[in-house]
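Below is one structure; the comments refer to it alone.
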Amino acid sequence: MLEQCTVAEALERLEKKEISALELTEAALRRVEAVDESVKAFVTVTKNEALAAAALVDAKRLSGEAMPLLAGIPMALKDNLCTKGVLTTCSSKILDNFKPPYDATAVELLRDAGAVLLGKTNLDEFAMGSSTENSAFFTTRNPWDLERVPGGSSGGSAAAVAADEVCFALGSDTGGSIRQPAAFCGVVGMKPTYGRVSRYGLIAFASSLDQIGPFTKDVRDCAIVMNAIARYDARDTTSVPMETPDYTAQLSGGVKGLRIGVPQEYFAAGIDQDVRNAVQQALAVLVALGAEAEEISLPHTDYGIAVYYLIAPAEASSNLARYDGVQYGYRAEADNLLEMYQKTRSRGFGSEVKRRIMLGTYALSSGYYDAYYLKASQVRTLIKQEFAEAFKKFDLILTPTAPSTAFPVGTVEDPLTMYLNDICTIPVNLAGLPALSMPCGFVNNLPVGLQLIGKPFAEATILRAAYAYEQHSGLIKQKPALSGKGVPQDEQI
Amino acid sequence: MSKYETVIGLEVHVELATATKIFCSCPTEFGKEPNTHVCPVCLGLPGSLPVLNKRVVEFAIKAGLALNCEIPRFAKFDRKNYFYPDLPKAYQISQYDLPLAVNGHLEFELNGETKRVGITRVHLEEDAGKLVHAQFADYSLADYNRTGVPLIEIVSEPELRSPEEAKAYLEKLKSIIQYTGISDVKMEEGSLRCDANVSIMPAGSKEFGTRSEIKNMNSFKAVQRGLAYEVERQREVLEAGGRVVQETRRWDEHKGITYALRSKEEAHDYRYFPDPDLVPIIVETAWVEEIRQSLPEMPDARRKRYLKQWGLSEYDATVITASKSMADFFEATLAEYHDAKAVANSLLGEVLKYLNAQGIEIQQTKLTPSHLAELLKLQDDGTISGKIAKTVFEEMFNSGKGPAEIVKEQGLVQISDQDAIAAIVAQVIADNPKSVADFKAGTEKALGFLVGQVMKISQGRANPEMVNQLLREKLQ
């Protein structure tokens, strides 16, 4: 079945002219048509543009032109990445009818690489959430069990890849928004080092934490997509001017002698026993393959969530202030300016976004700044230093990605309980480190995620270890059932 | 002696004359069609990111150095958060606790005394857009061309003690900035803007009174008037047994009053925090030194040199060096002409009169230093009189022609021929018997009338000294 191809397989078949880009795109569109009614991964499907782009790739191949890296590969983009002339919603009402006049740098790089945009995927509004239930439009479903959430905030991108609707997708990760849905949906998801991929054109949630990264069906594909998007960009001053290595070149290097730190805090109470077991087994595989593992302690881990929920909302309160109804997006009718602001923002934002804007506004307020924002920034430095210290001794740190497998839609109502979903992923964003989540087993037919954390800009090391494990486990070949007992009705856009 | 002492501190915004904006490559040009110099970055569109213009930092450091500031090695940008339709991101990128320049000072002369005022800081920020409120319309229009134009804010210590001092400080500040070439510092066009913090306290007190912040003073005169009004208003409040409240007030130029805009309680909480989109600036010492070397001779140094080198009066030297273009003109003229005092007189006389009348700077006229030197030489060798020189000046300003050419074209050469003048004198004596009689009877002023008649007939070209002399000779 064509839609099940990985990026690498599809490229090979395209290269051999066994298939055309148009055929591949048509297969993907047929798949979207067949399954997305139940998966609900897409907010916008760009069918005509996709067919045109695929035909163009075929024409270029016919004329004998040199083909770029991802020529003809169908992809999906999280709907907080700006796409020129294509609706970009952040799954929010407030960006009503917003069509950016430009492509995000990562999007531009993928288009230049010949990838074919199939559509934009659902997310928790402005990437704030861990289940996509905070989307203003609908909740995306987990392909492994349609009654369960796909995780979030990049739930749409994770589900689209897991359901074989596209070969790969991009997401963004501020506190785990790529890795946790990758874990829940049984795909590979990577958050690169902060500064490795340009943020230009990524609609900001928390600027000092946000990073774009790929969702793929296997580790090799992750390396291929990283080759396309990891690039210094003069338009983002936080992007780092350094050469991009060929991430596929070192994949098969093996893990012999690789030193892996296993922090006890990530296997403590609050992490499901089944999840712990699956991750421990994965560790055992890596050790069997020649890695050296040692238990370590990262005591500041406990402060991760508290620090994150001061810094991220603080930045968000400022980043989201521009949605004021003046220049673009939704504007409420009102009699005067103040009322227009109030009504626009009250109605345009969902409740979780408003909660975080209020949290952040409070944390930055005169008289509270030192106690909250400043203190959190200081603890963030400690967390960063703690990782740096650990990485003097280890090449990788191995943890679960999420404390549980995917939970049923509508069952986590308390925001604080929801926030705990990111307990294993948040410290990585605070420290700006690269990390990857990949499937390491199943519990009740739901995938469990393994997280590999690396030194700054050591994505290649992570990918090498992940590839070694993947080759040995064979887990990646399992496909979701795309079933579940009845799908509740959601509001349609 | 007043019962109260005035305390004033100024916050001055200067628009930097860089070619492009502070965080994007849109042009900074003024007066273009609305919303034509904009891009996703200065429009603050979702996903866009700022990239700092290095030239802007260079200009700000230049201003800091010209104001005798220290340039810290580490600076950063912060976000100042508030909602307004002319601010597309709903925050202004500014500098809060780590500005580019700190601890400077500025000296100015007032009533023959030199006063030194501390400069607290010079920081960088982006300008906002402009709202156009259409008359009788229920909407406003936003023009974002100015959004992202680089500004520096120069904050003084509260060390000014009168509205006159504030005006003198501001004039000196303008002069210094103009010398550095980083801005055209035109208050009328908004490239120089001034807000003031004002309070009064009992004379001799150590504790400042409650201050008000005055906005919208859009000319040097307005600054002095607005502050004088506010000082008087506060005095009246105190003398009536009231208390001055901390608030922001607006100067109404037309009515000549200040009125309350918002109270302290209504003041914004800007929620400053470091902008995570911009990496901190590390200012290399070598770069600062390079910028320091690039600074021209500043007005104070130049004034002192003029006193010494050319023996100008304190007044002449101060006025000429206040404007860099004027001083440059002065020196260029002296390269072709020897008498500094005569050049100064021309510049501060005819030239300044013309500039003030037109409201322009000397470089905007068609007058050149060579032409001025030539004109002075024509006077020296008696080709034209001082009176004719004024006519020639006017023509030089208007047409840009050289003085010799003008004199030739219009036949303005002075008549110094004894016989030619004597002929006119004879005619005037013959034609005006009454005045002649009056003079002879002892009415001295009748001579003035007769001189005037001679000048009239000669179309102003007769050498006035010779006319006088000849008339007296004939009438005695």
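FYI, nothing fancy with the structure tokens labels: chains A, B, ... in order, residues from 1 per chain, ligands from 1 as they appear.
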
Problem - Backbone-only DSSP, helix (DSSP H, G or I) members of segment 184-399 of chain A, as an NGL selection string - result: :A and (184-185 or 219-229 or 251-253 or 264-267 or 273-288 or 299-322 or 337-348 or 351-364 or 370-390)

For Ile415 of chain B, please output as a CSV table (one decimal) with C-alpha atoms, in the first residue's frame all residues within 8 Å (counting only C-alpha atoms; exclusion window: fewer than 5 positions along the same chain).
chain,number,residue,atom,x,y,z
B,420,ALA,CA,30.6,111.4,-11.7
B,421,ILE,CA,29.5,111.9,-8.1
B,461,ARG,CA,25.8,102.8,-6.2
B,462,ALA,CA,27.5,106.1,-5.2
B,463,ASN,CA,30.2,105.6,-2.6

Exercise for the section: Report as an NGL selection string the set of chain B residues whose atoms approach chain A to within 12 Å, with distances computed over only C-alpha atoms. Expected result: :B and (23-25 or 35 or 39-41 or 43-53 or 78-93 or 131 or 138-144 or 267-281)

Exercise for the section: For Tyr469 of chain A, please output as an MDAnalysis selection string all residues within 8 Å (counting only C-alpha atoms; exclusion window: fewer than 3 positions along the same chain). Expected result: chainID A and resid 282 285:286 465:466 472:473

Handout entry: Neighbour list for Lys440 of chain B as a list in words, cut-off 12 Å, only C-alpha atoms, skip fewer than 4 positions in-chain
Key =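 After dropping sequence-adjacent residues, the list is Ile429, Pro433, Lys434, Ser435, Val436, Glu444, Lys445, Ala446, Leu447, Leu471, Arg472, Lys474, Leu475 and Gln476 of chain B.
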
Expected file: the selected residues, C-alpha atoms, as a PDB file, in the first residue's frame:
ATOM      1  CA  ILE B 429      21.794 121.004  -4.944  1.00  0.00           C
ATOM      2  CA  PRO B 433      16.988 124.828  -2.874  1.00  0.00           C
ATOM      3  CA  LYS B 434      14.854 124.558   0.273  1.00  0.00           C
ATOM      4  CA  SER B 435      16.879 121.772   1.800  1.00  0.00           C
ATOM      5  CA  VAL B 436      20.064 123.571   0.887  1.00  0.00           C
ATOM      6  CA  GLU B 444      21.876 119.306  10.106  1.00  0.00           C
ATOM      7  CA  LYS B 445      19.323 116.655   9.159  1.00  0.00           C
ATOM      8  CA  ALA B 446      18.649 118.366   5.830  1.00  0.00           C
ATOM      9  CA  LEU B 447      22.022 116.958   4.760  1.00  0.00           C
ATOM     10  CA  LEU B 471      28.009 117.636  -0.394  1.00  0.00           C
ATOM     11  CA  ARG B 472      29.601 119.250   2.643  1.00  0.00           C
ATOM     12  CA  LYS B 474      29.806 122.260  -1.951  1.00  0.00           C
ATOM     13  CA  LEU B 475      27.500 123.660   0.704  1.00  0.00           C
ATOM     14  CA  GLN B 476      30.108 125.215   2.963  1.00  0.00           C
TER      15      GLN B 476
END

Problem - DSSP-assigned strand (DSSP E) members of segment 181-226 of chain A, reported as a PyMOL selection string - result: chain A and resi 188-191+211-216

At a cut-off of 9 Å, using only C-alpha atoms, what residues contact segment 443-446 of chain A? Leave out same-chain residues fewer than 4 positions from it and give the result as a PDB file with C-alpha atoms, in the first residue's frame.
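Writing the result to result-v3.pdb gives the following:
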ATOM      1  CA  TRP A 144      -4.536   3.445  17.834  1.00  0.00           C
ATOM      2  CA  ASP A 145      -7.864   4.036  19.578  1.00  0.00           C
ATOM      3  CA  PHE A 184       0.922   8.564  22.156  1.00  0.00           C
ATOM      4  CA  CYS A 185       0.651   7.874  18.417  1.00  0.00           C
ATOM      5  CA  GLY A 186       3.601   5.492  18.105  1.00  0.00           C
ATOM      6  CA  ASP A 274       3.826  -0.328  32.525  1.00  0.00           C
ATOM      7  CA  VAL A 275       5.506   2.683  30.933  1.00  0.00           C
ATOM      8  CA  ALA A 278       8.689  -0.759  28.622  1.00  0.00           C
ATOM      9  CA  THR A 405      -0.102   6.048  27.310  1.00  0.00           C
ATOM     10  CA  ALA A 406      -2.848   7.974  25.504  1.00  0.00           C
ATOM     11  CA  PRO A 480      -2.735   1.255  14.186  1.00  0.00           C
TER      12      PRO A 480
END

Problem - Distance in Å - atom CA of Gly129 of chain A versus atom CA of Asp302 of chain A - result: 19.9 Å

Handout entry: Contacts of segment 249-266 of chain B at 6 Å (only C-alpha atoms; same-chain gap of 2+ positions) as a PyMOL selection string
Key = chain B and resi 213-216+246-247

So that I have them on file, write out the residues from the current selection with N, CA and C atoms, as a PDB file, in the first residue's frame.
ATOM      1  N   GLU B 213       4.354  64.543  34.644  1.00  0.00           N
ATOM      2  CA  GLU B 213       5.061  64.327  33.385  1.00  0.00           C
ATOM      3  C   GLU B 213       4.316  65.087  32.300  1.00  0.00           C
ATOM      4  N   ILE B 214       5.038  65.930  31.565  1.00  0.00           N
ATOM      5  CA  ILE B 214       4.402  66.757  30.545  1.00  0.00           C
ATOM      6  C   ILE B 214       4.754  66.224  29.161  1.00  0.00           C
ATOM      7  N   LYS B 215       3.731  66.021  28.365  1.00  0.00           N
ATOM      8  CA  LYS B 215       3.928  65.514  27.009  1.00  0.00           C
ATOM      9  C   LYS B 215       3.462  66.542  25.974  1.00  0.00           C
ATOM     10  N   ASN B 216       3.804  66.277  24.726  1.00  0.00           N
ATOM     11  CA  ASN B 216       3.325  67.062  23.594  1.00  0.00           C
ATOM     12  C   ASN B 216       3.875  68.477  23.504  1.00  0.00           C
ATOM     13  N   GLN B 246       0.668  63.020  41.348  1.00  0.00           N
ATOM     14  CA  GLN B 246       1.513  62.432  40.307  1.00  0.00           C
ATOM     15  C   GLN B 246       0.628  62.023  39.133  1.00  0.00           C
ATOM     16  N   GLU B 247       0.909  62.613  37.977  1.00  0.00           N
ATOM     17  CA  GLU B 247       0.063  62.321  36.819  1.00  0.00           C
ATOM     18  C   GLU B 247       0.796  62.693  35.541  1.00  0.00           C
TER      19      GLU B 247
END
